[in-house]
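Student: What follows is final_34.tsv, TSV, C-alpha atoms and all ligand atoms.
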```tsv
chain	number	residue	atom	x	y	z
A	1	MET	CA	39.75	77.35	135.32
A	2	SER	CA	40.16	79.75	138.20
A	3	ALA	CA	43.74	80.27	139.36
A	4	ILE	CA	44.70	78.66	142.69
A	5	PRO	CA	45.15	81.58	145.11
A	6	ALA	CA	48.68	82.26	146.33
A	7	ASP	CA	47.65	81.81	149.96
A	8	LEU	CA	47.16	78.09	149.30
A	9	PRO	CA	50.45	76.23	149.75
A	10	LEU	CA	50.14	74.38	146.45
A	11	ARG	CA	53.25	72.36	145.59
A	12	SER	CA	55.44	74.77	143.65
A	13	ASP	CA	55.79	72.41	140.68
A	14	LEU	CA	52.00	72.36	140.34
A	15	VAL	CA	51.57	76.13	140.16
A	16	GLY	CA	49.98	77.03	136.83
A	17	GLU	CA	49.05	73.41	136.05
A	18	GLU	CA	45.55	72.54	134.85
A	19	PRO	CA	43.58	69.36	135.59
A	20	TYR	CA	44.00	66.88	132.74
A	21	GLY	CA	41.08	65.93	130.54
A	22	ALA	CA	39.41	66.28	127.19
A	23	PRO	CA	36.37	68.59	127.20
A	24	GLN	CA	33.17	66.88	128.41
A	25	LEU	CA	30.56	68.71	126.36
A	26	ASP	CA	26.93	68.07	125.73
A	27	VAL	CA	27.14	67.71	121.96
A	28	PRO	CA	25.28	65.24	119.72
A	29	VAL	CA	28.38	63.37	118.49
A	30	CYS	CA	31.24	62.64	120.93
A	31	LEU	CA	34.20	61.13	119.14
A	32	ASN	CA	36.93	62.49	121.37
A	33	VAL	CA	37.84	60.04	124.14
A	34	ASN	CA	38.07	56.69	122.36
A	35	GLU	CA	35.14	55.01	124.06
A	36	ASN	CA	33.07	52.20	122.62
A	37	PRO	CA	29.99	54.15	121.43
A	38	TYR	CA	27.48	51.34	121.90
A	39	PRO	CA	25.50	51.08	125.16
A	40	LEU	CA	25.49	47.86	127.15
A	41	ASP	CA	23.17	45.04	126.14
A	42	PRO	CA	20.09	44.85	128.43
A	43	GLU	CA	21.16	41.34	129.47
A	44	VAL	CA	24.44	42.72	130.83
A	45	VAL	CA	22.63	45.61	132.51
A	46	GLU	CA	20.41	43.07	134.29
A	47	ALA	CA	23.41	40.98	135.34
A	48	ILE	CA	25.11	44.09	136.76
A	49	CYS	CA	21.99	45.03	138.71
A	50	ARG	CA	21.72	41.51	140.11
A	51	ARG	CA	25.35	41.48	141.23
A	52	VAL	CA	25.15	44.97	142.69
A	53	ARG	CA	21.92	44.14	144.53
A	54	LYS	CA	23.67	41.12	146.04
A	55	VAL	CA	26.56	43.13	147.47
A	56	ALA	CA	24.53	46.21	148.48
A	57	PRO	CA	23.51	44.97	151.97
A	58	GLY	CA	27.19	44.36	152.75
A	59	LEU	CA	28.33	47.88	151.83
A	60	ASN	CA	28.75	48.64	155.54
A	61	ARG	CA	31.91	46.50	155.26
A	62	TYR	CA	35.06	47.26	153.28
A	63	PRO	CA	35.41	45.36	150.00
A	64	ASP	CA	37.82	42.49	149.33
A	65	ARG	CA	40.99	44.53	149.05
A	66	GLU	CA	42.68	41.76	147.06
A	67	HIS	CA	39.63	41.56	144.74
A	68	GLU	CA	40.37	37.88	144.24
A	69	ASP	CA	37.23	36.94	142.28
A	70	LEU	CA	37.85	39.77	139.87
A	71	ARG	CA	41.50	38.85	139.40
A	72	ARG	CA	40.47	35.28	138.63
A	73	ALA	CA	37.85	36.50	136.15
A	74	LEU	CA	40.39	38.78	134.45
A	75	ALA	CA	42.91	35.92	134.23
A	76	ASP	CA	40.19	33.81	132.55
A	77	TYR	CA	39.43	36.67	130.20
A	78	LEU	CA	43.09	36.96	129.20
A	79	LYS	CA	43.20	33.23	128.55
A	80	GLY	CA	40.28	33.49	126.15
A	81	GLU	CA	41.37	36.75	124.58
A	82	SER	CA	45.15	36.25	124.27
A	83	ARG	CA	45.71	32.59	125.15
A	84	ALA	CA	47.79	33.70	128.14
A	85	CYS	CA	47.91	31.25	131.04
A	86	LEU	CA	48.16	33.49	134.07
A	87	GLY	CA	47.22	32.85	137.66
A	88	PRO	CA	45.19	35.42	139.62
A	89	GLU	CA	48.41	36.34	141.44
A	90	GLN	CA	49.71	37.64	138.09
A	91	VAL	CA	46.77	39.97	137.60
A	92	TRP	CA	45.83	43.16	139.43
A	93	ALA	CA	42.95	45.60	138.95
A	94	ALA	CA	42.38	49.25	139.79
A	95	ASN	CA	40.16	52.21	138.96
A	96	GLY	CA	41.00	52.43	135.30
A	97	SER	CA	44.39	51.77	133.78
A	98	ASN	CA	45.18	55.37	134.78
A	99	GLU	CA	45.39	54.13	138.35
A	100	ILE	CA	47.33	51.03	137.31
A	101	MET	CA	49.92	53.23	135.64
A	102	LEU	CA	50.11	55.60	138.59
A	103	GLN	CA	50.68	52.62	140.88
A	104	LEU	CA	53.52	51.44	138.63
A	105	PHE	CA	55.11	54.88	138.83
A	106	GLN	CA	54.63	54.92	142.61
A	107	ALA	CA	56.24	51.51	142.99
A	108	PHE	CA	59.12	51.82	140.52
A	109	GLY	CA	59.56	55.55	139.84
A	110	GLY	CA	60.18	58.32	142.31
A	111	PRO	CA	62.99	60.78	143.01
A	112	GLY	CA	66.23	59.81	141.25
A	113	ARG	CA	64.41	57.43	138.90
A	114	THR	CA	63.67	57.85	135.20
A	115	VAL	CA	60.88	56.49	133.04
A	116	LEU	CA	61.36	56.49	129.27
A	117	GLY	CA	58.41	56.92	126.90
A	118	CYS	CA	58.24	57.10	123.09
A	119	ASP	CA	56.51	60.19	121.80
A	120	PRO	CA	54.13	61.19	120.41
A	121	THR	CA	52.17	59.15	122.91
A	122	TYR	CA	49.46	59.30	125.57
A	123	SER	CA	49.55	62.68	127.23
A	124	MET	CA	48.82	61.42	130.76
A	125	TYR	CA	52.21	59.73	131.13
A	126	PRO	CA	54.12	62.91	132.04
A	127	GLU	CA	51.48	63.58	134.69
A	128	TYR	CA	52.09	60.25	136.45
A	129	ALA	CA	55.78	61.17	136.38
A	130	ARG	CA	55.13	64.64	137.77
A	131	ASP	CA	52.89	63.30	140.52
A	132	THR	CA	55.48	60.76	141.64
A	133	PHE	CA	58.54	63.03	141.25
A	134	THR	CA	59.87	60.74	138.52
A	135	ASN	CA	62.08	62.03	135.72
A	136	TRP	CA	60.21	61.63	132.41
A	137	GLU	CA	62.33	61.19	129.26
A	138	LEU	CA	61.43	60.57	125.64
A	139	ALA	CA	62.74	58.68	122.64
A	140	HIS	CA	61.06	60.15	119.58
A	141	ARG	CA	59.21	57.90	117.17
A	142	LEU	CA	60.02	57.78	113.44
A	143	SER	CA	58.01	59.83	110.93
A	144	ASP	CA	55.59	56.91	110.44
A	145	PHE	CA	55.19	56.86	114.26
A	146	SER	CA	56.73	53.42	114.67
A	147	LEU	CA	59.39	53.13	117.38
A	148	ASP	CA	62.84	54.31	116.45
A	149	MET	CA	64.44	51.17	117.84
A	150	ASP	CA	68.06	52.35	117.60
A	151	THR	CA	67.39	55.65	119.32
A	152	THR	CA	65.16	54.01	121.94
A	153	ILE	CA	67.86	51.46	122.77
A	154	GLU	CA	70.52	54.18	122.91
A	155	ARG	CA	68.32	56.13	125.31
A	156	ILE	CA	67.73	53.06	127.47
A	157	LYS	CA	71.48	52.46	127.68
A	158	ALA	CA	72.22	56.10	128.44
A	159	LEU	CA	69.48	56.65	131.02
A	160	GLY	CA	69.07	53.34	132.87
A	161	PRO	CA	65.32	53.93	133.26
A	162	ALA	CA	63.34	52.11	135.92
A	163	MET	CA	60.61	51.60	133.33
A	164	VAL	CA	60.38	51.78	129.54
A	165	LEU	CA	56.80	52.63	128.67
A	166	VAL	CA	55.52	51.65	125.23
A	167	THR	CA	51.94	51.85	124.05
A	168	SER	CA	50.45	49.36	121.63
A	169	PRO	CA	48.43	50.39	119.77
A	170	ASN	CA	49.81	53.81	120.52
A	171	ASN	CA	47.57	56.74	121.39
A	172	PRO	CA	47.11	59.08	119.51
A	173	THR	CA	48.68	57.49	116.43
A	174	GLY	CA	47.12	53.97	116.52
A	175	THR	CA	50.51	52.42	115.72
A	176	PRO	CA	50.99	48.82	116.92
A	177	LEU	CA	54.30	47.59	118.34
A	178	PRO	CA	55.52	44.47	116.52
A	179	MET	CA	56.37	41.59	118.88
A	180	GLU	CA	59.94	41.38	117.58
A	181	ASN	CA	60.53	44.98	118.65
A	182	LEU	CA	59.05	44.29	122.07
A	183	THR	CA	61.24	41.23	122.60
A	184	ARG	CA	64.27	43.25	121.51
A	185	LEU	CA	63.48	45.88	124.13
A	186	LEU	CA	62.99	43.18	126.75
A	187	GLU	CA	66.33	41.59	125.88
A	188	VAL	CA	68.15	44.94	125.99
A	189	CYS	CA	66.54	45.85	129.31
A	190	SER	CA	67.60	42.56	130.85
A	191	GLN	CA	71.22	43.79	130.49
A	192	ILE	CA	70.76	47.33	131.77
A	193	ARG	CA	71.25	48.67	135.28
A	194	VAL	CA	68.66	51.06	136.68
A	195	ALA	CA	69.93	54.48	137.67
A	196	GLY	CA	69.04	55.26	141.27
A	197	ALA	CA	68.41	51.59	142.20
A	198	GLY	CA	70.45	48.69	143.56
A	199	PRO	CA	73.06	47.01	141.32
A	200	GLN	CA	70.82	44.05	140.51
A	201	ALA	CA	67.81	46.11	139.43
A	202	ARG	CA	66.86	45.88	135.73
A	203	PRO	CA	64.30	48.06	133.91
A	204	ILE	CA	60.68	46.93	133.56
A	205	VAL	CA	59.12	47.17	130.12
A	206	VAL	CA	55.54	48.38	130.52
A	207	VAL	CA	53.26	47.86	127.54
A	208	ASP	CA	50.08	49.92	127.66
A	209	GLU	CA	47.56	47.81	125.75
A	210	ALA	CA	44.50	49.97	126.42
A	211	TYR	CA	43.28	49.43	122.84
A	212	ILE	CA	44.63	45.95	122.16
A	213	GLU	CA	41.29	44.26	121.48
A	214	PHE	CA	41.02	46.37	118.32
A	215	ARG	CA	44.17	44.81	116.82
A	216	ASP	CA	43.88	42.72	113.68
A	217	PRO	CA	42.71	39.19	114.55
A	218	GLY	CA	45.62	36.80	114.90
A	219	THR	CA	48.07	39.44	116.15
A	220	PRO	CA	49.57	38.42	119.50
A	221	SER	CA	49.33	40.52	122.66
A	222	ALA	CA	52.27	41.25	124.94
A	223	VAL	CA	50.56	39.23	127.69
A	224	SER	CA	51.59	36.08	125.82
A	225	LEU	CA	55.23	36.90	126.75
A	226	ILE	CA	54.69	37.25	130.50
A	227	GLY	CA	55.80	33.69	131.30
A	228	ARG	CA	59.06	34.29	129.45
A	229	TYR	CA	59.93	37.74	130.80
A	230	ASP	CA	59.71	38.62	134.50
A	231	HIS	CA	60.29	42.28	133.77
A	232	LEU	CA	57.30	42.75	131.50
A	233	ALA	CA	54.15	44.46	132.75
A	234	VAL	CA	51.08	44.80	130.52
A	235	SER	CA	48.49	47.39	131.40
A	236	ARG	CA	44.96	46.85	130.07
A	237	THR	CA	41.56	48.39	130.51
A	238	MET	CA	37.86	47.56	130.29
A	239	SER	CA	37.22	51.19	129.21
A	240	LYS	CA	37.71	50.88	125.46
A	241	ALA	CA	36.75	47.82	123.40
A	242	PHE	CA	35.11	46.28	126.47
A	243	ALA	CA	32.60	49.16	126.61
A	244	PHE	CA	32.94	49.76	130.34
A	245	ALA	CA	34.57	53.19	130.66
A	246	GLY	CA	32.03	54.44	133.19
A	247	ALA	CA	32.79	51.64	135.63
A	248	ARG	CA	36.51	52.53	135.83
A	249	VAL	CA	38.28	49.18	135.66
A	250	GLY	CA	41.83	48.77	134.44
A	251	TYR	CA	44.13	45.87	135.09
A	252	LEU	CA	47.73	44.77	135.01
A	253	ALA	CA	49.17	41.45	133.90
A	254	ALA	CA	52.72	40.74	135.01
A	255	SER	CA	54.92	38.46	137.08
A	256	ARG	CA	53.75	37.82	140.62
A	257	GLU	CA	56.72	39.88	141.87
A	258	ILE	CA	55.68	42.99	139.92
A	259	ILE	CA	52.10	42.62	141.16
A	260	ASP	CA	53.35	42.26	144.73
A	261	ALA	CA	55.39	45.45	144.35
A	262	VAL	CA	52.30	47.31	143.14
A	263	ARG	CA	50.32	45.97	146.09
A	264	ILE	CA	52.70	47.86	148.39
A	265	VAL	CA	51.59	51.25	147.06
A	266	ARG	CA	47.88	50.68	146.48
A	267	MET	CA	45.40	52.48	148.71
A	268	PRO	CA	43.68	50.10	151.11
A	269	TYR	CA	40.35	48.97	149.59
A	270	HIS	CA	41.00	50.98	146.44
A	271	LEU	CA	38.47	49.05	144.35
A	272	SER	CA	34.91	49.41	145.64
A	273	ALA	CA	32.60	46.44	146.12
A	274	LEU	CA	30.27	48.02	143.54
A	275	THR	CA	33.03	48.23	140.96
A	276	GLN	CA	34.08	44.65	141.60
A	277	ALA	CA	30.49	43.42	141.32
A	278	ALA	CA	29.83	45.32	138.10
A	279	ALA	CA	33.10	44.17	136.53
A	280	LEU	CA	32.39	40.54	137.40
A	281	ALA	CA	28.97	40.80	135.78
A	282	ALA	CA	30.44	42.34	132.63
A	283	LEU	CA	33.17	39.71	132.44
A	284	GLU	CA	30.50	37.00	132.60
A	285	HIS	CA	29.19	38.50	129.35
A	286	THR	CA	32.43	39.01	127.49
A	287	ASP	CA	30.90	38.13	124.12
A	288	LEU	CA	28.17	40.74	124.48
A	289	GLN	CA	30.61	43.38	125.74
A	290	LEU	CA	32.92	42.82	122.77
A	291	ALA	CA	30.13	42.28	120.23
A	292	ARG	CA	30.76	45.60	118.46
A	293	VAL	CA	34.53	45.35	118.13
A	294	ASP	CA	34.37	43.91	114.61
A	295	GLN	CA	31.97	46.60	113.54
A	296	LEU	CA	34.28	49.28	114.98
A	297	ARG	CA	37.23	47.76	113.13
A	298	ARG	CA	35.20	47.95	109.92
A	299	ALA	CA	34.31	51.56	110.71
A	300	ARG	CA	38.02	52.27	111.19
A	301	ARG	CA	38.86	50.75	107.82
A	302	ALA	CA	36.07	52.58	106.02
A	303	THR	CA	36.84	55.90	107.73
A	304	ALA	CA	40.57	55.62	106.99
A	305	GLU	CA	39.79	54.95	103.33
A	306	TRP	CA	37.32	57.80	103.18
A	307	LEU	CA	39.69	60.26	104.87
A	308	ALA	CA	42.49	59.29	102.49
A	309	GLY	CA	40.22	60.36	99.63
A	310	GLN	CA	39.63	63.84	101.08
A	311	GLU	CA	41.60	66.96	100.25
A	312	TYR	CA	42.34	70.14	102.09
A	313	HIS	CA	43.37	73.16	100.02
A	314	GLY	CA	44.14	70.84	97.10
A	315	ARG	CA	46.32	68.44	99.12
A	316	PRO	CA	45.18	64.93	100.06
A	317	LEU	CA	44.84	64.31	103.80
A	318	THR	CA	47.44	62.21	105.58
A	319	VAL	CA	45.89	59.28	107.43
A	320	VAL	CA	48.00	57.40	109.97
A	321	PRO	CA	47.43	53.61	109.79
A	322	SER	CA	45.67	52.56	113.00
A	323	ALA	CA	45.23	49.27	114.86
A	324	SER	CA	42.91	50.94	117.31
A	325	ASN	CA	39.42	52.49	117.39
A	326	PHE	CA	40.62	55.95	116.42
A	327	ILE	CA	42.41	57.56	113.52
A	328	LEU	CA	44.90	60.40	113.45
A	329	PHE	CA	44.60	62.52	110.34
A	330	GLY	CA	45.79	65.86	109.03
A	331	THR	CA	47.64	67.94	108.56
A	332	PHE	CA	46.07	71.36	108.97
A	333	PRO	CA	47.94	74.64	109.37
A	334	ASP	CA	45.32	75.60	111.99
A	335	ARG	CA	43.91	72.38	113.42
A	336	ASP	CA	42.19	74.23	116.25
A	337	ALA	CA	40.06	76.10	113.71
A	338	ILE	CA	38.91	72.77	112.18
A	339	PHE	CA	38.31	71.32	115.64
A	340	GLU	CA	36.23	74.35	116.70
A	341	ALA	CA	34.21	74.40	113.49
A	342	MET	CA	33.41	70.68	113.91
A	343	LYS	CA	32.46	71.24	117.53
A	344	ASP	CA	30.20	74.16	116.63
A	345	GLN	CA	28.35	71.76	114.37
A	346	GLY	CA	27.95	69.20	117.12
A	347	VAL	CA	30.83	66.85	116.35
A	348	LEU	CA	33.48	66.66	119.05
A	349	ILE	CA	36.84	65.23	117.95
A	350	ARG	CA	40.27	65.88	119.50
A	351	ALA	CA	43.10	68.24	118.64
A	352	VAL	CA	45.91	66.13	120.02
A	353	GLY	CA	49.26	64.68	119.04
A	354	PRO	CA	51.77	66.06	116.57
A	355	GLU	CA	51.22	69.59	115.30
A	356	GLY	CA	48.55	69.83	112.61
A	357	TYR	CA	46.82	66.52	113.32
A	358	LEU	CA	43.33	65.72	114.58
A	359	ARG	CA	42.10	62.46	116.08
A	360	VAL	CA	38.67	60.97	115.57
A	361	CYS	CA	37.42	57.92	117.43
A	362	MET	CA	35.01	55.47	115.83
A	363	GLY	CA	31.37	56.07	116.69
A	364	THR	CA	28.16	54.36	115.63
A	365	ASP	CA	27.48	54.18	111.89
A	366	ALA	CA	25.13	57.17	112.19
A	367	GLU	CA	27.74	59.18	114.11
A	368	MET	CA	30.40	58.42	111.50
A	369	GLU	CA	28.03	59.56	108.76
A	370	ARG	CA	27.55	62.83	110.64
A	371	PHE	CA	31.32	63.13	111.11
A	372	ARG	CA	31.93	62.72	107.37
A	373	GLN	CA	29.25	65.20	106.35
A	374	THR	CA	30.44	67.76	108.88
A	375	LEU	CA	34.11	67.42	107.99
A	376	VAL	CA	33.40	67.85	104.28
A	377	GLY	CA	31.51	71.08	105.02
A	378	VAL	CA	34.19	72.36	107.37
A	379	LEU	CA	37.06	71.63	104.98
A	380	GLU	CA	35.23	73.27	102.09
A	381	GLY	CA	34.41	76.31	104.16
A	382	SER	CA	37.82	76.97	105.69
B	401	LIG	C1	46.91	54.75	125.94
B	401	LIG	C2	45.94	54.88	127.06
B	401	LIG	N1	46.23	54.30	128.22
B	401	LIG	C3	45.41	54.40	129.27
B	401	LIG	C4	44.24	55.10	129.19
B	401	LIG	C5	43.38	55.22	130.42
B	401	LIG	O1	42.22	54.52	130.34
B	401	LIG	P1	41.38	54.08	131.60
B	401	LIG	O2	41.94	54.80	132.80
B	401	LIG	O3	40.00	54.46	131.31
B	401	LIG	O4	41.59	52.60	131.74
B	401	LIG	C6	43.89	55.74	128.01
B	401	LIG	C7	42.66	56.54	127.92
B	401	LIG	O5	42.33	57.19	126.99
B	401	LIG	C8	44.77	55.63	126.92
B	401	LIG	O6	44.51	56.24	125.76
```
Take the structure in the file and write it out as structure tokens.
Ligand SMILES: Cc1ncc(COP(=O)(O)O)c(C=O)c1O
Tutor:
Amino acid sequence: MSAIPADLPLRSDLVGEEPYGAPQLDVPVCLNVNENPYPLDPEVVEAICRRVRKVAPGLNRYPDREHEDLRRALADYLKGESRACLGPEQVWAANGSNEIMLQLFQAFGGPGRTVLGCDPTYSMYPEYARDTFTNWELAHRLSDFSLDMDTTIERIKALGPAMVLVTSPNNPTGTPLPMENLTRLLEVCSQIRVAGAGPQARPIVVVDEAYIEFRDPGTPSAVSLIGRYDHLAVSRTMSKAFAFAGARVGYLAASREIIDAVRIVRMPYHLSALTQAAALAALEHTDLQLARVDQLRRARRATAEWLAGQEYHGRPLTVVPSASNFILFGTFPDRDAIFEAMKDQGVLIRAVGPEGYLRVCMGTDAEMERFRQTLVGVLEGS
């Protein structure tokens, strides 16, 4: 990255900052950004082309800024996926859940407001806080990476955050948040005043469920609680299990009032007609889009077992139990050296999270075979 010259009036808190993002490299095996590795079924590709062709002549006009058809389709999807009965007014979409989260920070954060996260967690969260001048605070997770409920509740009481942001399954650890812990947080937050807001304001609990479709079957999603708790917002994405990362579609499920607050800060026409058309086509083929989820869960199980059987310098590897499509494993005194050696051999994973750990996301069966072979060689040689 070239430095921004001093004659540009860059915001002083951004001086020295780098754009966020994992490396995008042209290597044979990319297991670093938690995508679904399988391309779209030709039937879905055709459906997308048909939908896009239909809207193309109308691209001289702005799109439906309320994206009503898409919100209805997402509400239907949530009904099938999580048995949540939500109206389209309780659903909102944007360009990836990154944009959803930024909109939440824009609507509820800001100067004088705090958002509380539970680290280690997704490394974009502090950036949304920075970009919206929101104070970002942390409650540290326990050594097994589950939430430290007592500390988290103490922090909520002490800080009066506008939002408590929990991730389930968490990135980069894969740790799910049990429903009883979520309801406890919701109950606590219903009694807390928000610093920097009016006396009636109570914190919102935001659950980032980017990877939720990878959870064990039968496990509930936070969206099933939306009818019971007005101050619950669940962020989701089509980028992961749904195999649609390139289209950039994330969505929010929440009370109508939270959605209406987010609508205040959205850019006009933020979601292009092409994106809406493509997303609708994909949602019409939910079964095909999710067809590989089971296989990826099996890959996760097999990879976790395999990693647990590996050693580094005579010590077995630590493998963090994951409910997602990635696994955090370690620990290595010099994780960057392992990461680089893997990359040099064409396998891109991620050096992220707590010191010493690496994260690998589940690829195709052939990619996972290559990952295993390469890691064995790298561990033996270093
Ligand atoms: C926990 C979590 N939330 C949100 C996102 C953003 O995903 P997207 O903007 O593609 O929906 C990611 C991406 O890696 C993530 O790991």
Student: Taking into account only C-alpha atoms, which residue in the set A:Val265, A:Ala139, A:Ala337, A:Ala93 is nearest to Ala73 in chain A?
Tutor: A:Ala93
Student: Please determine the residues with any atom at most 9 Å from (47.5, 59.4, 130.8) (coordinates as given in the file, with only C-alpha atoms counting) and report them as a CSV table (one decimal) with C-alpha atoms, in the coordinates of the input.
Tutor:
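What ended up in point_20.csv:
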```csv
chain,number,residue,atom,x,y,z
A,20,TYR,CA,44.0,66.9,132.7
A,97,SER,CA,44.4,51.8,133.8
A,98,ASN,CA,45.2,55.4,134.8
A,101,MET,CA,49.9,53.2,135.6
A,122,TYR,CA,49.5,59.3,125.6
A,123,SER,CA,49.6,62.7,127.2
A,124,MET,CA,48.8,61.4,130.8
A,125,TYR,CA,52.2,59.7,131.1
A,126,PRO,CA,54.1,62.9,132.0
A,127,GLU,CA,51.5,63.6,134.7
A,128,TYR,CA,52.1,60.2,136.4
```
Student: Name each residue within 6 Å of ligand LIG 401 (chain B), counting all atoms listed in the file, as an mmCIF file with C-alpha atoms, keeping the file's coordinate frame.
Tutor:
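Full text of selection-v6.cif as output:
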```cif
data_model
loop_
_atom_site.group_PDB
_atom_site.id
_atom_site.type_symbol
_atom_site.label_atom_id
_atom_site.label_comp_id
_atom_site.auth_asym_id
_atom_site.auth_seq_id
_atom_site.Cartn_x
_atom_site.Cartn_y
_atom_site.Cartn_z
ATOM 1 C CA GLY A 96 41.000 52.430 135.300
ATOM 2 C CA SER A 97 44.390 51.770 133.780
ATOM 3 C CA ASN A 98 45.180 55.370 134.780
ATOM 4 C CA TYR A 122 49.460 59.300 125.570
ATOM 5 C CA ASN A 171 47.570 56.740 121.390
ATOM 6 C CA ASP A 208 50.080 49.920 127.660
ATOM 7 C CA ALA A 210 44.500 49.970 126.420
ATOM 8 C CA THR A 237 41.560 48.390 130.510
ATOM 9 C CA SER A 239 37.220 51.190 129.210
ATOM 10 C CA ALA A 245 34.570 53.190 130.660
ATOM 11 C CA GLY A 250 41.830 48.770 134.440
#
```
Student: Please compute the CA of Met368 in chain A-CA of Gly356 in chain A distance, one decimal, in Å.
Tutor: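 These two atoms are separated by 21.5 Å.
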Student: Skip range 374-381 of chain A itself and residues of its chain fewer than 3 positions away, then list as a PyMOL selection string all residues within 8 Å of it, counting all atoms listed in the file.
Tutor: chain A and resi 312+338+341-342+345+347+370-371
Student: Check the smallest atom-to-atom distance from each of A:Asp287, A:Phe244, A:Thr114, A:Glu180 to Glu35 in chain A using all atoms listed in the file, then report the winner.
Tutor: A:Phe244
Student: Residues at most 9 Å from Ser272 in chain A, counting all atoms listed in the file, excluding those fewer than 5 positions away in the same chain, as a list in words?
Tutor: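 Listed by chain and then number, they are Tyr62, Pro63, Asp64, Arg65, Asn95 and Ala277 of chain A.
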Student: Could you state the separation of CA of Glu209 in chain A and CA of Asp365 in chain A in Å, given to one decimal place?
Tutor: 25.2 Å
